[in-house]
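Chemist: Quick one, work_20.pdb (PDB, C-alpha atoms):
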```pdb
ATOM      1  CA  MET J   8     -10.553   9.527 -23.326
ATOM      2  CA  LYS J   9     -12.449   7.577 -20.684
ATOM      3  CA  ILE J  10     -10.808   6.328 -17.518
ATOM      4  CA  ALA J  11     -12.162   4.240 -14.649
ATOM      5  CA  PHE J  12     -11.082   3.912 -11.028
ATOM      6  CA  ILE J  13     -12.060   0.832  -9.020
ATOM      7  CA  GLY J  14     -11.467   0.935  -5.257
ATOM      8  CA  LEU J  15     -12.182   4.104  -3.272
ATOM      9  CA  GLY J  16     -10.659   3.111   0.033
ATOM     10  CA  GLN J  17      -8.153   4.812   2.307
ATOM     11  CA  MET J  18      -5.738   5.508  -0.572
ATOM     12  CA  GLY J  19      -7.895   5.090  -3.650
ATOM     13  CA  LYS J  20     -10.386   7.836  -2.912
ATOM     14  CA  GLY J  21      -7.824  10.634  -2.916
ATOM     15  CA  MET J  22      -6.012   9.255  -5.948
ATOM     16  CA  ALA J  23      -9.257   8.928  -7.891
ATOM     17  CA  LEU J  24     -10.282  12.499  -7.072
ATOM     18  CA  ASN J  25      -6.926  13.720  -8.334
ATOM     19  CA  MET J  26      -7.460  11.828 -11.603
ATOM     20  CA  ILE J  27     -10.218  14.343 -12.391
ATOM     21  CA  LYS J  28      -7.415  16.863 -13.021
ATOM     22  CA  SER J  29      -6.470  14.894 -16.144
ATOM     23  CA  GLY J  30      -9.536  16.213 -17.953
ATOM     24  CA  ALA J  31     -10.572  12.697 -18.935
ATOM     25  CA  GLU J  32     -14.090  11.388 -18.418
ATOM     26  CA  LEU J  33     -13.947   9.489 -15.109
ATOM     27  CA  ILE J  34     -16.147   6.668 -13.856
ATOM     28  CA  VAL J  35     -15.635   5.195 -10.369
ATOM     29  CA  ASN J  36     -16.737   2.020  -8.632
ATOM     30  CA  ASP J  37     -16.504   0.605  -5.122
ATOM     31  CA  ILE J  38     -18.511  -1.825  -3.004
ATOM     32  CA  ASP J  39     -18.892   1.061  -0.520
ATOM     33  CA  HIS J  40     -20.913   3.922  -2.016
ATOM     34  CA  ARG J  41     -20.378   6.502   0.718
ATOM     35  CA  TYR J  42     -18.103   8.699  -1.429
ATOM     36  CA  TYR J  43     -20.237   8.630  -4.575
ATOM     37  CA  PRO J  44     -21.880  12.031  -3.911
ATOM     38  CA  GLU J  45     -18.460  13.683  -3.621
ATOM     39  CA  PHE J  46     -17.362  12.280  -6.980
ATOM     40  CA  GLU J  47     -20.640  13.283  -8.617
ATOM     41  CA  LYS J  48     -20.147  16.802  -7.251
ATOM     42  CA  HIS J  49     -16.834  16.935  -9.105
ATOM     43  CA  GLY J  50     -18.362  15.753 -12.358
ATOM     44  CA  ALA J  51     -17.376  12.086 -12.266
ATOM     45  CA  LYS J  52     -19.742   9.255 -13.115
ATOM     46  CA  VAL J  53     -20.411   6.652 -10.417
ATOM     47  CA  THR J  54     -21.629   3.095 -10.799
ATOM     48  CA  ALA J  55     -22.511   0.224  -8.500
ATOM     49  CA  ASN J  56     -21.953  -2.207 -11.368
ATOM     50  CA  ILE J  57     -18.285  -2.827 -12.065
ATOM     51  CA  ALA J  58     -19.169  -4.036 -15.558
ATOM     52  CA  ASP J  59     -19.839  -0.385 -16.444
ATOM     53  CA  THR J  60     -16.151   0.422 -15.989
ATOM     54  CA  ALA J  61     -15.274  -1.804 -18.952
ATOM     55  CA  GLU J  62     -16.253   1.055 -21.266
ATOM     56  CA  ALA J  63     -13.116   2.950 -20.184
ATOM     57  CA  ASP J  64      -9.891   3.054 -22.176
ATOM     58  CA  ILE J  65      -7.770   2.885 -19.026
ATOM     59  CA  LEU J  66      -8.840   1.172 -15.800
ATOM     60  CA  PHE J  67      -7.096   1.927 -12.502
ATOM     61  CA  PHE J  68      -7.412  -0.372  -9.492
ATOM     62  CA  CYS J  69      -6.600   0.231  -5.818
ATOM     63  CA  LEU J  70      -7.695  -2.852  -3.895
ATOM     64  CA  PRO J  71      -6.704  -4.474  -0.576
ATOM     65  CA  ASP J  72      -4.873  -7.688  -1.529
ATOM     66  CA  SER J  73      -3.803 -10.195  -4.176
ATOM     67  CA  LYS J  74      -6.934 -12.303  -3.897
ATOM     68  CA  THR J  75      -9.268  -9.353  -4.390
ATOM     69  CA  VAL J  76      -7.303  -7.956  -7.337
ATOM     70  CA  LYS J  77      -7.272 -11.293  -9.134
ATOM     71  CA  GLU J  78     -10.970 -11.914  -8.478
ATOM     72  CA  VAL J  79     -11.994  -8.455  -9.690
ATOM     73  CA  ILE J  80      -9.857  -8.383 -12.834
ATOM     74  CA  CYS J  81      -9.899 -12.016 -13.922
ATOM     75  CA  SER J  82     -13.509 -12.994 -13.205
ATOM     76  CA  GLU J  83     -17.009 -12.088 -14.310
ATOM     77  CA  PRO J  84     -18.449  -9.644 -14.887
ATOM     78  CA  LEU J  85     -15.390  -7.563 -15.819
ATOM     79  CA  PHE J  86     -12.945  -9.960 -17.487
ATOM     80  CA  PRO J  87     -15.161 -11.060 -20.410
ATOM     81  CA  LEU J  88     -15.839  -7.400 -21.260
ATOM     82  CA  LEU J  89     -12.193  -6.343 -21.517
ATOM     83  CA  ARG J  90     -11.091  -5.622 -25.076
ATOM     84  CA  LYS J  91      -7.888  -5.462 -27.077
ATOM     85  CA  GLY J  92      -5.911  -2.264 -26.609
ATOM     86  CA  GLN J  93      -7.240  -1.406 -23.147
ATOM     87  CA  ILE J  94      -4.789  -0.625 -20.360
ATOM     88  CA  LEU J  95      -5.204  -1.835 -16.778
ATOM     89  CA  VAL J  96      -3.125  -0.211 -14.047
ATOM     90  CA  ASP J  97      -3.008  -1.758 -10.587
ATOM     91  CA  PHE J  98      -2.043   0.528  -7.688
ATOM     92  CA  SER J  99      -2.597  -2.285  -5.169
ATOM     93  CA  THR J 100       0.200  -3.977  -3.260
ATOM     94  CA  ILE J 101       0.057  -7.631  -4.276
ATOM     95  CA  ASN J 102       2.338 -10.654  -4.653
ATOM     96  CA  TYR J 103       4.515 -10.149  -7.724
ATOM     97  CA  LYS J 104       3.739 -13.671  -8.955
ATOM     98  CA  VAL J 105       0.049 -12.801  -8.935
ATOM     99  CA  ALA J 106       0.873  -9.689 -10.964
ATOM    100  CA  LEU J 107       2.617 -11.905 -13.529
ATOM    101  CA  GLU J 108      -0.357 -14.276 -13.653
ATOM    102  CA  ILE J 109      -2.785 -11.430 -14.232
ATOM    103  CA  GLY J 110      -0.508  -9.931 -16.863
ATOM    104  CA  LYS J 111      -0.354 -13.216 -18.766
ATOM    105  CA  LEU J 112      -4.135 -13.638 -18.782
ATOM    106  CA  LEU J 113      -4.631 -10.070 -19.987
ATOM    107  CA  GLU J 114      -1.940 -10.391 -22.646
ATOM    108  CA  GLU J 115      -3.874 -13.282 -24.181
ATOM    109  CA  LYS J 116      -6.778 -10.853 -24.662
ATOM    110  CA  GLY J 117      -4.520  -8.144 -26.067
ATOM    111  CA  VAL J 118      -4.961  -6.040 -22.923
ATOM    112  CA  HIS J 119      -1.969  -4.205 -21.446
ATOM    113  CA  PHE J 120      -1.195  -4.467 -17.730
ATOM    114  CA  ILE J 121       0.967  -2.200 -15.562
ATOM    115  CA  ASP J 122       1.681  -3.076 -11.937
ATOM    116  CA  ALA J 123       2.048   0.237 -10.134
ATOM    117  CA  PRO J 124       2.073  -0.143  -6.337
ATOM    118  CA  ILE J 125       2.110   3.054  -4.323
ATOM    119  CA  SER J 126       3.944   4.347  -1.285
ATOM    120  CA  GLY J 127       2.693   7.167   0.918
ATOM    121  CA  SER J 128      -0.073   8.072   3.335
ATOM    122  CA  PRO J 129      -3.765   8.929   2.905
ATOM    123  CA  LEU J 130      -2.731  12.587   3.231
ATOM    124  CA  ARG J 131      -0.317  12.222   0.315
ATOM    125  CA  ALA J 132      -2.988  10.401  -1.676
ATOM    126  CA  ASN J 133      -5.265  13.414  -1.160
ATOM    127  CA  GLU J 134      -2.463  15.799  -2.114
ATOM    128  CA  GLY J 135      -1.528  13.828  -5.225
ATOM    129  CA  THR J 136       2.063  13.323  -4.051
ATOM    130  CA  MET J 137       2.312   9.536  -3.918
ATOM    131  CA  THR J 138       5.385   7.563  -4.927
ATOM    132  CA  ILE J 139       4.443   5.169  -7.729
ATOM    133  CA  MET J 140       6.760   2.378  -8.902
ATOM    134  CA  CYS J 141       5.752   0.765 -12.170
ATOM    135  CA  GLY J 142       6.440  -2.482 -13.970
ATOM    136  CA  GLY J 143       5.433  -3.329 -17.534
ATOM    137  CA  ASP J 144       5.941  -2.222 -21.113
ATOM    138  CA  GLU J 145       7.734   1.139 -21.105
ATOM    139  CA  LYS J 146       5.782   2.528 -24.076
ATOM    140  CA  VAL J 147       2.516   1.730 -22.317
ATOM    141  CA  PHE J 148       3.887   3.352 -19.159
ATOM    142  CA  GLU J 149       4.746   6.525 -21.079
ATOM    143  CA  SER J 150       1.264   6.615 -22.606
ATOM    144  CA  ILE J 151      -0.407   6.737 -19.171
ATOM    145  CA  LYS J 152       2.138   8.826 -17.295
ATOM    146  CA  LYS J 153       0.094  12.026 -17.507
ATOM    147  CA  TYR J 154      -2.597  10.291 -15.453
ATOM    148  CA  LEU J 155      -0.056   8.986 -12.961
ATOM    149  CA  ASP J 156       1.258  12.555 -12.635
ATOM    150  CA  CYS J 157      -2.159  13.562 -11.287
ATOM    151  CA  ALA J 158      -1.826  11.107  -8.400
ATOM    152  CA  GLY J 159       1.893  10.996  -7.707
ATOM    153  CA  LYS J 160       4.994  13.129  -7.303
ATOM    154  CA  THR J 161       7.687  10.484  -7.751
ATOM    155  CA  ILE J 162       6.823   8.112 -10.593
ATOM    156  CA  ILE J 163       9.426   5.612 -11.742
ATOM    157  CA  HIS J 164       9.372   2.876 -14.376
ATOM    158  CA  MET J 165      11.258   0.000 -12.741
ATOM    159  CA  GLY J 166      11.356  -2.493 -15.617
ATOM    160  CA  GLU J 167       9.335  -5.453 -16.806
ATOM    161  CA  LEU J 168       6.013  -6.537 -15.360
ATOM    162  CA  GLY J 169       6.309  -7.396 -11.665
ATOM    163  CA  SER J 170       9.182  -4.978 -11.069
ATOM    164  CA  GLY J 171       6.858  -2.483  -9.439
ATOM    165  CA  GLN J 172       5.686  -5.021  -6.874
ATOM    166  CA  LEU J 173       9.239  -6.187  -6.162
ATOM    167  CA  THR J 174      10.386  -2.598  -5.623
ATOM    168  CA  LYS J 175       7.448  -1.916  -3.304
ATOM    169  CA  LEU J 176       8.358  -5.044  -1.349
ATOM    170  CA  ILE J 177      11.939  -3.844  -0.868
ATOM    171  CA  ASN J 178      10.655  -0.489   0.392
ATOM    172  CA  GLN J 179       8.242  -2.166   2.789
ATOM    173  CA  LEU J 180      10.906  -4.483   4.171
ATOM    174  CA  PHE J 181      13.090  -1.490   5.047
ATOM    175  CA  LEU J 182      10.142  -0.031   6.943
ATOM    176  CA  ASN J 183       9.097  -3.283   8.605
ATOM    177  CA  ILE J 184      12.613  -4.053   9.868
ATOM    178  CA  ASN J 185      12.924  -0.484  11.152
ATOM    179  CA  VAL J 186       9.638  -0.707  13.064
ATOM    180  CA  ALA J 187      10.554  -4.074  14.576
ATOM    181  CA  ALA J 188      13.898  -2.671  15.741
ATOM    182  CA  ALA J 189      12.423   0.516  17.184
ATOM    183  CA  THR J 190       9.661  -1.264  19.068
ATOM    184  CA  GLU J 191      12.239  -3.584  20.601
ATOM    185  CA  ILE J 192      14.602  -0.817  21.747
ATOM    186  CA  LEU J 193      12.132   1.799  23.014
ATOM    187  CA  PRO J 194      10.834  -0.408  25.877
ATOM    188  CA  MET J 195      14.466  -0.894  26.859
ATOM    189  CA  ALA J 196      14.691   2.863  27.462
ATOM    190  CA  ALA J 197      11.588   2.717  29.664
ATOM    191  CA  LYS J 198      12.982  -0.267  31.588
ATOM    192  CA  LEU J 199      16.169   1.703  32.315
ATOM    193  CA  GLY J 200      14.115   4.550  33.780
ATOM    194  CA  LEU J 201      14.701   7.102  31.034
ATOM    195  CA  ASP J 202      12.145   9.794  30.215
ATOM    196  CA  CYS J 203      10.369   8.447  27.132
ATOM    197  CA  GLU J 204       9.551  11.839  25.617
ATOM    198  CA  LYS J 205      13.118  13.035  26.001
ATOM    199  CA  VAL J 206      14.434   9.846  24.438
ATOM    200  CA  ILE J 207      12.341  10.451  21.332
ATOM    201  CA  ASP J 208      13.437  14.096  21.261
ATOM    202  CA  VAL J 209      17.085  13.010  21.278
ATOM    203  CA  VAL J 210      16.578  10.286  18.659
ATOM    204  CA  ASN J 211      14.702  12.597  16.297
ATOM    205  CA  ASN J 212      17.451  15.173  16.547
ATOM    206  CA  GLY J 213      20.290  12.669  16.333
ATOM    207  CA  THR J 214      21.716  10.018  14.066
ATOM    208  CA  GLY J 215      19.098   7.453  15.100
ATOM    209  CA  ARG J 216      16.169   9.323  13.566
ATOM    210  CA  SER J 217      14.063   7.686  10.879
ATOM    211  CA  HIS J 218      10.564   7.718   9.463
ATOM    212  CA  VAL J 219       9.611   5.320  12.241
ATOM    213  CA  SER J 220      10.949   7.525  15.028
ATOM    214  CA  GLU J 221       9.336  10.613  13.508
ATOM    215  CA  TYR J 222       5.995   9.073  12.515
ATOM    216  CA  PHE J 223       5.286   6.138  14.810
ATOM    217  CA  ALA J 224       7.115   7.110  18.013
ATOM    218  CA  PRO J 225       4.890  10.134  18.836
ATOM    219  CA  ARG J 226       1.840   7.918  18.322
ATOM    220  CA  ILE J 227       3.318   5.262  20.571
ATOM    221  CA  LEU J 228       3.889   7.892  23.271
ATOM    222  CA  ASN J 229       0.174   8.746  23.025
ATOM    223  CA  ARG J 230      -0.788   5.050  22.859
ATOM    224  CA  GLN J 231      -2.371   5.517  19.438
ATOM    225  CA  PHE J 232      -2.131   2.164  17.701
ATOM    226  CA  PHE J 233      -4.944   2.371  15.178
ATOM    227  CA  GLU J 234      -4.084   5.494  13.206
ATOM    228  CA  GLY J 235      -0.687   4.809  11.653
ATOM    229  CA  GLY J 236      -1.687   3.043   8.449
ATOM    230  CA  LEU J 237      -2.248  -0.587   7.549
ATOM    231  CA  SER J 238      -2.996  -3.058  10.297
ATOM    232  CA  MET J 239      -0.292  -5.594  11.101
ATOM    233  CA  LYS J 240      -2.429  -8.518   9.982
ATOM    234  CA  VAL J 241      -2.656  -6.898   6.536
ATOM    235  CA  ALA J 242       0.962  -5.737   6.430
ATOM    236  CA  TYR J 243       2.196  -9.215   7.372
ATOM    237  CA  LYS J 244       1.655 -10.304   3.768
ATOM    238  CA  ASP J 245       4.908  -8.515   2.883
ATOM    239  CA  MET J 246       6.832 -10.720   5.301
ATOM    240  CA  ILE J 247       5.260 -13.847   3.816
ATOM    241  CA  CYS J 248       6.134 -12.724   0.291
ATOM    242  CA  ALA J 249       9.726 -11.932   1.327
ATOM    243  CA  ALA J 250      10.126 -15.361   2.917
ATOM    244  CA  GLU J 251       8.880 -17.039  -0.261
ATOM    245  CA  ILE J 252      11.244 -15.033  -2.468
ATOM    246  CA  GLY J 253      14.171 -15.629  -0.109
ATOM    247  CA  ALA J 254      13.551 -19.377  -0.242
ATOM    248  CA  GLU J 255      13.115 -19.429  -4.029
ATOM    249  CA  PHE J 256      16.286 -17.468  -4.797
ATOM    250  CA  CYS J 257      18.307 -18.708  -1.798
ATOM    251  CA  ILE J 258      18.743 -15.221  -0.328
ATOM    252  CA  PRO J 259      19.779 -15.246   3.362
ATOM    253  CA  THR J 260      18.033 -12.503   5.366
ATOM    254  CA  PRO J 261      18.784 -13.014   9.074
ATOM    255  CA  VAL J 262      17.721  -9.515  10.170
ATOM    256  CA  LEU J 263      14.495  -9.790   8.196
ATOM    257  CA  ALA J 264      13.852 -13.192   9.770
ATOM    258  CA  ALA J 265      14.196 -11.649  13.226
ATOM    259  CA  ALA J 266      11.777  -8.859  12.313
ATOM    260  CA  THR J 267       9.330 -11.454  10.997
ATOM    261  CA  THR J 268       9.461 -13.200  14.371
ATOM    262  CA  THR J 269       8.456  -9.943  16.071
ATOM    263  CA  TYR J 270       5.511  -9.593  13.694
ATOM    264  CA  GLN J 271       4.452 -13.156  14.452
ATOM    265  CA  MET J 272       4.674 -12.556  18.206
ATOM    266  CA  ALA J 273       2.485  -9.474  17.823
ATOM    267  CA  LEU J 274      -0.122 -11.355  15.800
ATOM    268  CA  LEU J 275      -0.140 -14.269  18.254
ATOM    269  CA  ASN J 276      -0.708 -11.749  21.063
ATOM    270  CA  GLY J 277      -3.887 -10.510  19.377
ATOM    271  CA  LEU J 278      -2.426  -7.241  18.084
ATOM    272  CA  GLY J 279      -3.258  -7.796  14.424
ATOM    273  CA  ASP J 280      -5.688  -4.874  14.217
ATOM    274  CA  CYS J 281      -3.068  -2.402  15.473
ATOM    275  CA  ASP J 282      -0.814  -0.505  13.115
ATOM    276  CA  LYS J 283       2.869  -1.460  13.039
ATOM    277  CA  GLY J 284       3.712   0.714  16.025
ATOM    278  CA  GLY J 285       1.451  -1.510  18.098
ATOM    279  CA  MET J 286       4.022  -4.297  18.103
ATOM    280  CA  ILE J 287       5.838  -2.404  20.867
ATOM    281  CA  GLN J 288       3.305  -3.981  23.236
ATOM    282  CA  VAL J 289       5.032  -7.359  22.780
ATOM    283  CA  HIS J 290       8.262  -6.100  24.339
ATOM    284  CA  GLU J 291       6.485  -3.895  26.866
ATOM    285  CA  LYS J 292       4.732  -6.992  28.155
ATOM    286  CA  LEU J 293       8.009  -8.905  28.410
ATOM    287  CA  LEU J 294       9.692  -6.074  30.345
ATOM    288  CA  ASN J 295       6.608  -5.031  32.312
ATOM    289  CA  VAL J 296       6.886  -1.393  31.208
ATOM    290  CA  THR J 297       4.902   1.087  29.115
ATOM    291  CA  PHE J 298       6.571   3.499  26.721
ATOM    292  CA  LYS J 299       4.397   6.604  27.101
ATOM    293  CA  LYS J 300       4.305  10.268  28.030
ATOM    294  CA  SER J 301       5.124  11.150  31.609
ATOM    295  CA  GLY J 302       2.086  11.205  33.838
TER     296      GLY J 302
END
```
Would you kindly transcribe this structure into structure tokens?
Modeler:
Amino acid sequence: MKIAFIGLGQMGKGMALNMIKSGAELIVNDIDHRYYPEFEKHGAKVTANIADTAEADILFFCLPDSKTVKEVICSEPLFPLLRKGQILVDFSTINYKVALEIGKLLEEKGVHFIDAPISGSPLRANEGTMTIMCGGDEKVFESIKKYLDCAGKTIIHMGELGSGQLTKLINQLFLNINVAAATEILPMAAKLGLDCEKVIDVVNNGTGRSHVSEYFAPRILNRQFFEGGLSMKVAYKDMICAAEIGAEFCIPTPVLAAATTTYQMALLNGLGDCDKGGMIQVHEKLLNVTFKKSG
């Protein structure tokens, strides 16, 4: 069995390395070749020509956005080389409508497509403990699950094609709303003269704790806004997708709309390169305070 992995970025590199555990013959490709020696050291084949990956039986993708995924899969040189019976698995987070479009084009060639967005951190990608939510034919999903088991700990088939992307969106919206709420309230504590470190200690040992308070809050205290994951300008695509779905299906989301406004304020204030915790600077500026460690 031959497998290919396209996209060796922040998440893809670790996942691809873990795929070696499957025992399959692995070939990898990325526009950045810095990690090629590491893969060669572990016995994988590397190529600067993505067309070479078409020889694989299963192709995995981990790319930055909808546009890139569609261009890579549905254009030359790769698309014309795809053959009936191949399986393409996309770990990228993309618009679910784009996933459906890609699936339709591949179906016409007799190629199977599984949308399989991931949730986790680069550390979890390296450990092989990602959460993977999959959409597509269940029999195809079962046939590739042993490879997914190399990269993930929680792997769930969510339903038909596109279901993986919709599930990932729901997960991201929980996170995005939580971050927007936390970064609004924490400056309030600073404005009221409370000790910021003690506030976080109380929250993380009380009923208000969350992934945001445990993961982002310590970084905010240390004014680290570029180490918490995706930048806001990249993550904002989830808010756009949610707004489109809400409009299409007439789903009222007032809290989500408020969180989206916070994202927009952050982007308009030039904070797009910061991670999500960086949006606290919007409210700090309004209140003329800084949420940080004492001294």
Chemist: Starting from the PyMOL selection byres ((chain J and resi 60) around 10), expand the selection into actual residues of this file and give them as a short mmCIF file (atom, residue, chain, number, x, y, z; two decimals) with C-alpha atoms, in the frame of the given file.
Modeler:
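Saved file out.cif follows:
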```cif
data_model
loop_
_atom_site.label_atom_id
_atom_site.label_comp_id
_atom_site.auth_asym_id
_atom_site.auth_seq_id
_atom_site.Cartn_x
_atom_site.Cartn_y
_atom_site.Cartn_z
CA LYS J 9 -12.45 7.58 -20.68
CA ILE J 10 -10.81 6.33 -17.52
CA ALA J 11 -12.16 4.24 -14.65
CA PHE J 12 -11.08 3.91 -11.03
CA ILE J 13 -12.06 0.83 -9.02
CA LEU J 33 -13.95 9.49 -15.11
CA ILE J 34 -16.15 6.67 -13.86
CA VAL J 35 -15.64 5.20 -10.37
CA ASN J 36 -16.74 2.02 -8.63
CA LYS J 52 -19.74 9.26 -13.12
CA VAL J 53 -20.41 6.65 -10.42
CA THR J 54 -21.63 3.10 -10.80
CA ALA J 55 -22.51 0.22 -8.50
CA ASN J 56 -21.95 -2.21 -11.37
CA ILE J 57 -18.28 -2.83 -12.06
CA ALA J 58 -19.17 -4.04 -15.56
CA ASP J 59 -19.84 -0.38 -16.44
CA ALA J 61 -15.27 -1.80 -18.95
CA GLU J 62 -16.25 1.06 -21.27
CA ALA J 63 -13.12 2.95 -20.18
CA ASP J 64 -9.89 3.05 -22.18
CA ILE J 65 -7.77 2.88 -19.03
CA LEU J 66 -8.84 1.17 -15.80
CA PHE J 67 -7.10 1.93 -12.50
CA LEU J 85 -15.39 -7.56 -15.82
CA LEU J 88 -15.84 -7.40 -21.26
CA LEU J 89 -12.19 -6.34 -21.52
#
```
Chemist: So which residues get picked by the PyMOL selection byres ((chain J and resi 299) around 7) here, written as JSON, numbers by chain?
Modeler: {"J": [203, 227, 228, 229, 230, 297, 298, 300, 301]}
Chemist: Ranking J:Ala249, J:Ala123, J:Val118, J:Met165 by minimum distance to Gly92 of chain J and counting all atoms listed in the file, which one comes first?
Modeler: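 Distance minimum relative to Gly92 of chain J lands on J:Val118.
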Chemist: Taking into account all atoms listed in the file, which residue in the set J:Asn185, J:Met22, J:Ile207, J:Glu251 is nearest to Ile139 of chain J?
Modeler: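 With all atoms listed in the file as the atom set, the closest residue is J:Met22.
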Chemist: Give the answer as one residue: which of J:Cys69, J:Ile27, J:Ile94, J:Leu275 has the shortest atom-to-atom distance to Gly117 of chain J, using all atoms listed in the file?
Modeler: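 When distances to Gly117 of chain J are compared using all atoms listed in the file, the smallest one comes from J:Ile94.
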Chemist: So which residues get picked by the PyMOL selection byres ((chain J and resi 144) around 8) here, written as number ranges by chain?
Modeler: J: 121, 142-143, 145-148, 166-168
Chemist: Near Lys153 of chain J, within 12 Å and counting all atoms listed in the file, which residues show up once chain neighbours fewer than 4 positions away are dropped, as a PyMOL selection string?
Modeler: chain J and resi 25-31+147-149+157-160+162
Chemist: Write out as a VMD selection string each polymer residue whose atoms come within 8 Å of Cys281 of chain J, counting all atoms listed in the file; drop sequence neighbours fewer than 3 positions from it.
Modeler: chain J and resid 232 to 233 238 to 239 278 284 to 286
Chemist: Given all atoms listed in the file as the basis, pick out the residue of J:Leu182, J:Ala250, J:Ile80, J:Leu130 nearest to Ser220 of chain J.
Modeler: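 Going through J:Leu182, J:Ala250, J:Ile80, J:Leu130 one by one, the smallest distance to Ser220 of chain J is for J:Leu182.
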Chemist: Interatomic distance between atom CA of Pro129 of chain J and atom CA of Leu24 of chain J?
Modeler: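 Taking atom CA of Pro129 of chain J as the start and atom CA of Leu24 of chain J as the end point, the length is 12.4 Å.
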Chemist: What gap, in Å, lies between atom CA of Gln93 of chain J and atom CA of Lys116 of chain J?
Modeler: 9.6 Å
Chemist: Could you give me segment 158-170 of chain J completed to N, CA, C and O atoms, formatted as a compact mmCIF listing (two decimals), in the frame of the given file?
Modeler:
```txt
# COMPACT_ATOMS: atom_id res chain seq x y z
N ALA J 158 -1.72 11.77 -9.70
CA ALA J 158 -1.83 11.11 -8.40
C ALA J 158 -0.51 11.03 -7.65
O ALA J 158 -0.50 10.81 -6.44
N GLY J 159 0.60 11.19 -8.35
CA GLY J 159 1.89 11.00 -7.71
C GLY J 159 2.89 12.09 -7.99
O GLY J 159 2.76 12.86 -8.95
N LYS J 160 3.90 12.16 -7.15
CA LYS J 160 4.99 13.13 -7.30
C LYS J 160 6.24 12.44 -7.83
O LYS J 160 6.95 12.97 -8.68
N THR J 161 6.54 11.26 -7.30
CA THR J 161 7.69 10.48 -7.75
C THR J 161 7.16 9.24 -8.46
O THR J 161 6.58 8.36 -7.85
N ILE J 162 7.36 9.20 -9.77
CA ILE J 162 6.82 8.11 -10.59
C ILE J 162 7.97 7.51 -11.39
O ILE J 162 8.61 8.20 -12.20
N ILE J 163 8.24 6.24 -11.15
CA ILE J 163 9.43 5.61 -11.74
C ILE J 163 9.05 4.31 -12.44
O ILE J 163 8.37 3.46 -11.86
N HIS J 164 9.53 4.15 -13.67
CA HIS J 164 9.37 2.88 -14.38
C HIS J 164 10.54 1.98 -13.97
O HIS J 164 11.69 2.29 -14.22
N MET J 165 10.23 0.85 -13.32
CA MET J 165 11.26 0.00 -12.74
C MET J 165 11.72 -1.13 -13.66
O MET J 165 12.76 -1.74 -13.42
N GLY J 166 10.97 -1.41 -14.73
CA GLY J 166 11.36 -2.49 -15.62
C GLY J 166 10.15 -3.31 -16.04
O GLY J 166 9.04 -2.81 -16.12
N GLU J 167 10.39 -4.58 -16.30
CA GLU J 167 9.34 -5.45 -16.81
C GLU J 167 8.25 -5.68 -15.78
O GLU J 167 8.39 -5.33 -14.60
N LEU J 168 7.15 -6.29 -16.23
CA LEU J 168 6.01 -6.54 -15.36
C LEU J 168 6.44 -7.28 -14.09
O LEU J 168 7.21 -8.23 -14.15
N GLY J 169 5.94 -6.82 -12.96
CA GLY J 169 6.31 -7.40 -11.66
C GLY J 169 7.37 -6.59 -10.94
O GLY J 169 7.51 -6.70 -9.71
N SER J 170 8.10 -5.77 -11.68
CA SER J 170 9.18 -4.98 -11.07
C SER J 170 8.64 -3.94 -10.09
O SER J 170 9.31 -3.61 -9.10
```
